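Novice: Okay, handing you the structure first.
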Amino acid sequence: GDTSVLAGLYGPAEAKGSKELPDRAALEVLLRPKVGLPGVLERSREQLLRQTCEAVVLGVLHPRTAITLVLQVLSDAGSLLSCCLNAACMALLDAGLPLAALFCGVTCALRPDGSILLDPTARQEQVSPGLL
C-alpha cells in the first residue's frame with residue numbers, strides 16, 4: 001500500500017539510571033504520528049511493537065545497555081501496524097543486532113460478504129466488520 005514509516009534504531013548504548021537492566025538490554029519503542037503528539041492508540045501500538053521486538057532481540061548479549069527504536073509515520077493509507085512491524089524488523093536487521101528470529105506484519109480485513117482482503121486501505125479498514 002501507500003503507508004510508509006521511517007525507522008531509526010539507536011544503541012546498544014549505555015543505559016541511563018532506572019532504565020538499566022542488569023541481565024539484558026532495555027528496549028524502548030517510540031511511535032511518532034504524522035502530526036501532533038502521540039496518544040493512547042500510539043502508546044498501545046508502542047507496547048505491542050516493544051513486546052514483539054523483545055521476543056526476538058537477544059538482549060542478554062548486551063546487558064546494562066539501552067536500545068531505542070523510533071518509528072515516524074510518514075503516511076497512513078491503511079495497514080499502519082503491519083507497516084510499523086515490518087519497519088521495526090528491517091531496522092533491527094540493518095543495525096546488526098543479534099536476533100533469534102525474524103518477524104513480519106500483515107493486515108487482513110473481513111469484507112461484509114465474508115471474504116478476506118489483504119493489505120486493506122484506511123477506508124476498507126473503517127467499513128470492515130473485523131481486522132486481523
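A note on labels: chains of the C-alpha cells are A, B, ... as shown, every chain counts residues from 1, and ligands are counted from 1 in their shown order.
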Would you mind listing what lies within 9 Å of A:Lys34 as a list in words, with only C-alpha atoms counted and same-chain residues fewer than 2 positions away left out?
Specialist: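 Within the cut-off, the hits are Arg32, Gly36, Leu37, Gln72, Val73, Leu74, Ser75 and Asp76 of chain A.
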Novice: What are the DSSP helix (DSSP H, G or I) residues of chain A, as a PyMOL selection string?
Specialist: chain A and resi 17-19+40-56+59-61+80-95+122-127
Novice: Tell me which protein, DNA and RNA residues are within 7 Å of A:Ser82, counting only C-alpha atoms, leaving out same-chain ones fewer than 2 positions away, and put them as a ChimeraX atom specification.
Specialist: /A:79-80,84-86,105-107
Novice: Between A:Cys108, A:Ala55, A:Leu61, A:Val5, which residue has the minimum interatomic distance to A:Ala25, considering only C-alpha atoms?
Specialist: A:Leu61
Novice: Using only C-alpha atoms, pick whichever of A:Glu54, A:Val35, A:Asp2, A:Gly114 has the shortest atom-to-atom distance to A:Ala88.
Specialist: A:Glu54
Novice: Go through A:Ser128, A:Thr3, A:Gln47, A:Thr121 and flag the residue nearest A:Leu27, using only C-alpha atoms for the distances.
Specialist: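 Nearest to A:Leu27: A:Gln47.
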Novice: Can you tell me how far atom CA of A:Lys19 sits from atom CA of A:Val70, in Å to one decimal?
Specialist: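 One can read the atom CA of A:Lys19 to atom CA of A:Val70 distance as 16.6 Å.
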Novice: How far is it from atom CA of A:Ser4 to atom CA of A:Ala87, in Å with one decimal?
Specialist: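 Atom-to-atom, atom CA of A:Ser4 to atom CA of A:Ala87, that is 8.8 Å.
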Novice: Considering only C-alpha atoms, return as a PyMOL selection string whatever protein or nucleic-acid residues lie within 10 Å of A:Ala66, sequence-local ones (same chain, fewer than 5 positions apart) excluded.
Specialist: chain A and resi 10-16+19-21+24-28+59
Novice: Between atom CA of A:Val29 and atom CA of A:Ala101, what is the distance in Å, rounded to a tenth?
Specialist: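 Between atom CA of A:Val29 and atom CA of A:Ala101 the gap is 18.5 Å.
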Novice: Could you give me, as an MDAnalysis selection string, the residues within 10 Å of A:Gln126, counting only C-alpha atoms and dropping anything in the same chain fewer than 6 positions from it?
Specialist: chainID A and resid 78 109 120
Novice: For A:Leu71, which residue among A:Ala122, A:Leu30, A:Met90, A:Leu97 is the nearest when counting only C-alpha atoms?
Specialist: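 Among the listed residues, A:Leu30 lies closest to A:Leu71.
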Novice: Which one of A:Gln51, A:Glu125, A:Val57, A:Pro63 sits closest to A:Ala91 if you count only C-alpha atoms?
Specialist: A:Val57
Novice: Give the strand (DSSP E) residues of stretch 52-109 of chain A, as DSSP finds them on the backbone, and put them as a JSON list (two decimals) with C-alpha atoms, in the first residue's frame.
Specialist:
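Saved the output as part-v9.json:
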```json
[["chain", "number", "residue", "atom", "x", "y", "z"],
["A", 65, "THR", "CA", 22.50, -1.18, 27.74],
["A", 66, "ALA", "CA", 19.59, 0.63, 26.11],
["A", 67, "ILE", "CA", 18.21, 0.21, 22.60],
["A", 68, "THR", "CA", 15.78, 2.84, 21.30],
["A", 69, "LEU", "CA", 13.64, 2.26, 18.21],
["A", 70, "VAL", "CA", 11.89, 5.35, 16.83],
["A", 71, "LEU", "CA", 9.15, 4.87, 14.24],
["A", 72, "GLN", "CA", 7.94, 8.02, 12.46],
["A", 73, "VAL", "CA", 4.72, 7.72, 10.45],
["A", 74, "LEU", "CA", 5.19, 9.46, 7.09],
["A", 75, "SER", "CA", 1.87, 8.47, 5.53],
["A", 108, "CYS", "CA", -6.27, -8.76, 6.83],
["A", 109, "ALA", "CA", -9.76, -7.26, 6.75]]
```
